[in-house]
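Participant: Dropping a structure here in C-alpha cells format, bear with me for questions.
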Amino acid sequence: MEETTQQDLVFLELRQKLQSGILFVGSDAVRDDADVKIESKKDCILSIQTPDRTYQINLTPGVSLVETSCQRSPGNSEHGSHFRLRLKVEQTSEGPCSVIGQLQVNVKYSFLCQSCGSMLLQDRAFGRVLPLPNGNWNALVDEWCCHPDPFANRKLLPRDGDCLLGDTFLLLARDGSCERTLVREENSLQKASAEKRSSKSVMVSCRSCSAVLGEEVSSEVLKFYITEILAKPREDGECDITRLSLVSEPNSERQRFLEQTLSSRLVELSSAQSIFRFSIQTPDGRAVILLWLLNTDALVASFPVAAAKGDSFISADDVHPGDHQSCQAVQAVKVLYILCSDSKLKDVVDVWEKDISVHPLPFPQSTCEELQKLLMSSTSRLPAFLRCMNSYQVAYMRM
C-alpha cells in the first residue's frame, strides 16, 4: 500500500508514568532550535511559539510542563528540531472501557450496526454476562489434565438470557427479531476450499447496509464482533438512535471507533492477563498483523502541515485558523507492529506464530484490512526518526 499521508508538522508524545516527553517541530515551521520557545501556561496549556505562529496544546487535567525542563536532543534530524521535556503529573488519566468491559447483568441494551446505525437487537437484558476462556486455552489443556481432553469438539454456547464474552466478540442467543435485521451468507472464501468444507462458517450481515457483523455459530447462537456493533444501555426511556447516526465524515468516525475499540481492548487484556503481544487474525486463523503493545500511558498531540497554512485538518473543533493553532492532547497506546504480508519479515512472523504467548485476536477480514490501513496512516504521520524500531513499525492509537 502506498503512503499518502503527510508527516505531522508538530508532534508531541508525553509519558505520564515516566513524567517525560518528546516534542518534534518540523523544518517547515522553524529553521533553527533557537526559533522555538516552549512554555507552560495556566489551565494545563502547553505553548509552542515559532516565528510565524503559536501552537497551543491542551493537556489533560493534572498534567503540566516543568518550567525550564525543555532540552534540545543531540543529533536531531535535518528535517526539524527535537526536544525532551519533563512533566509534572498530579493525576493520571484513564481510558474508556471497551463494550466487553461495559456490559452488565439486568441492564437493557440495544445493539446497533456501527456502520449505519440500524437497530439489530432491541431491549436485550442478560441474567448472566460471563467471560469465555482466552484464545489459547485449548493449547494448554494437556498441561491441566492427566487424561484425554474433556473439552474436545465441544463448544461453549450461551443459553437464553446469557451473554458470553470473547476477546473480540460477543456470543448471544438468537431471537425472533434477527430475521428482520440480519442476513445469513455462507463465507465465500471457505466455500471454495475443499479442505475447510467441514468447518465452513455462515457470515451474518446487517440487512440495511450489508456490513459483515459476525458469524452464525449454530442455529441458535450468533457471534458479533465488537468492532462492528454498538451496545447502548436503555437507561431511562428508549435508546436515542439519532445520537448515533454518522452524519459527517463517516470514514473518519469509523476509523476513530476502530482505534478506540482496539486500543481499549489491548489495555484491558494487558492489565488483566499481562498479555502484550497479539496476532490480529481473520476468523479462519490467518494472521494479518503482529502487534506489540509498548506503552499504555501516552498522551499525544499533533499538527499537520495544513495547520501552518491556517487550514482546518485535525477536526472542526480542534483547529482554529489564524496565528494561533490549538488542539487537545489525547490518551493513546503506543504499539509496534509487523504486517504479515511483508515477505522480508517472514522469519519474524514464523517465530511469532509458533509462540504460545502471542494472543490471537480475530476480526472480520475487512476489519483486519481497515486496521492495517489505520496503523500505516499513523506511522506515516510520525517524524521519520520515530517511525521504526528495529524490524517493527511504530504507531499510536487513540483511546
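All residue names refer to the C-alpha cells as shown: chains lettered A, B, ... in order, residues numbered from 1 in each chain, ligands numbered from 1 in order.
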Quick one: residues within 10 Å of segment 99-112 of chain A, only C-alpha atoms counted, chain neighbours fewer than 2 positions away excluded, as a ChimeraX atom specification?

Facilitator: /A:96-97,114-131,161-170,181,206,224,226-235,238-241,244,261,264-265,268

Participant: Show me, as a ChimeraX atom specification, the residues that have an atom within 12 Å of Ile275 of chain A when counting only C-alpha atoms, minus same-chain residues fewer than 4 positions from it.

Facilitator: /A:134-136,167,265-271,279,291-294,356-361
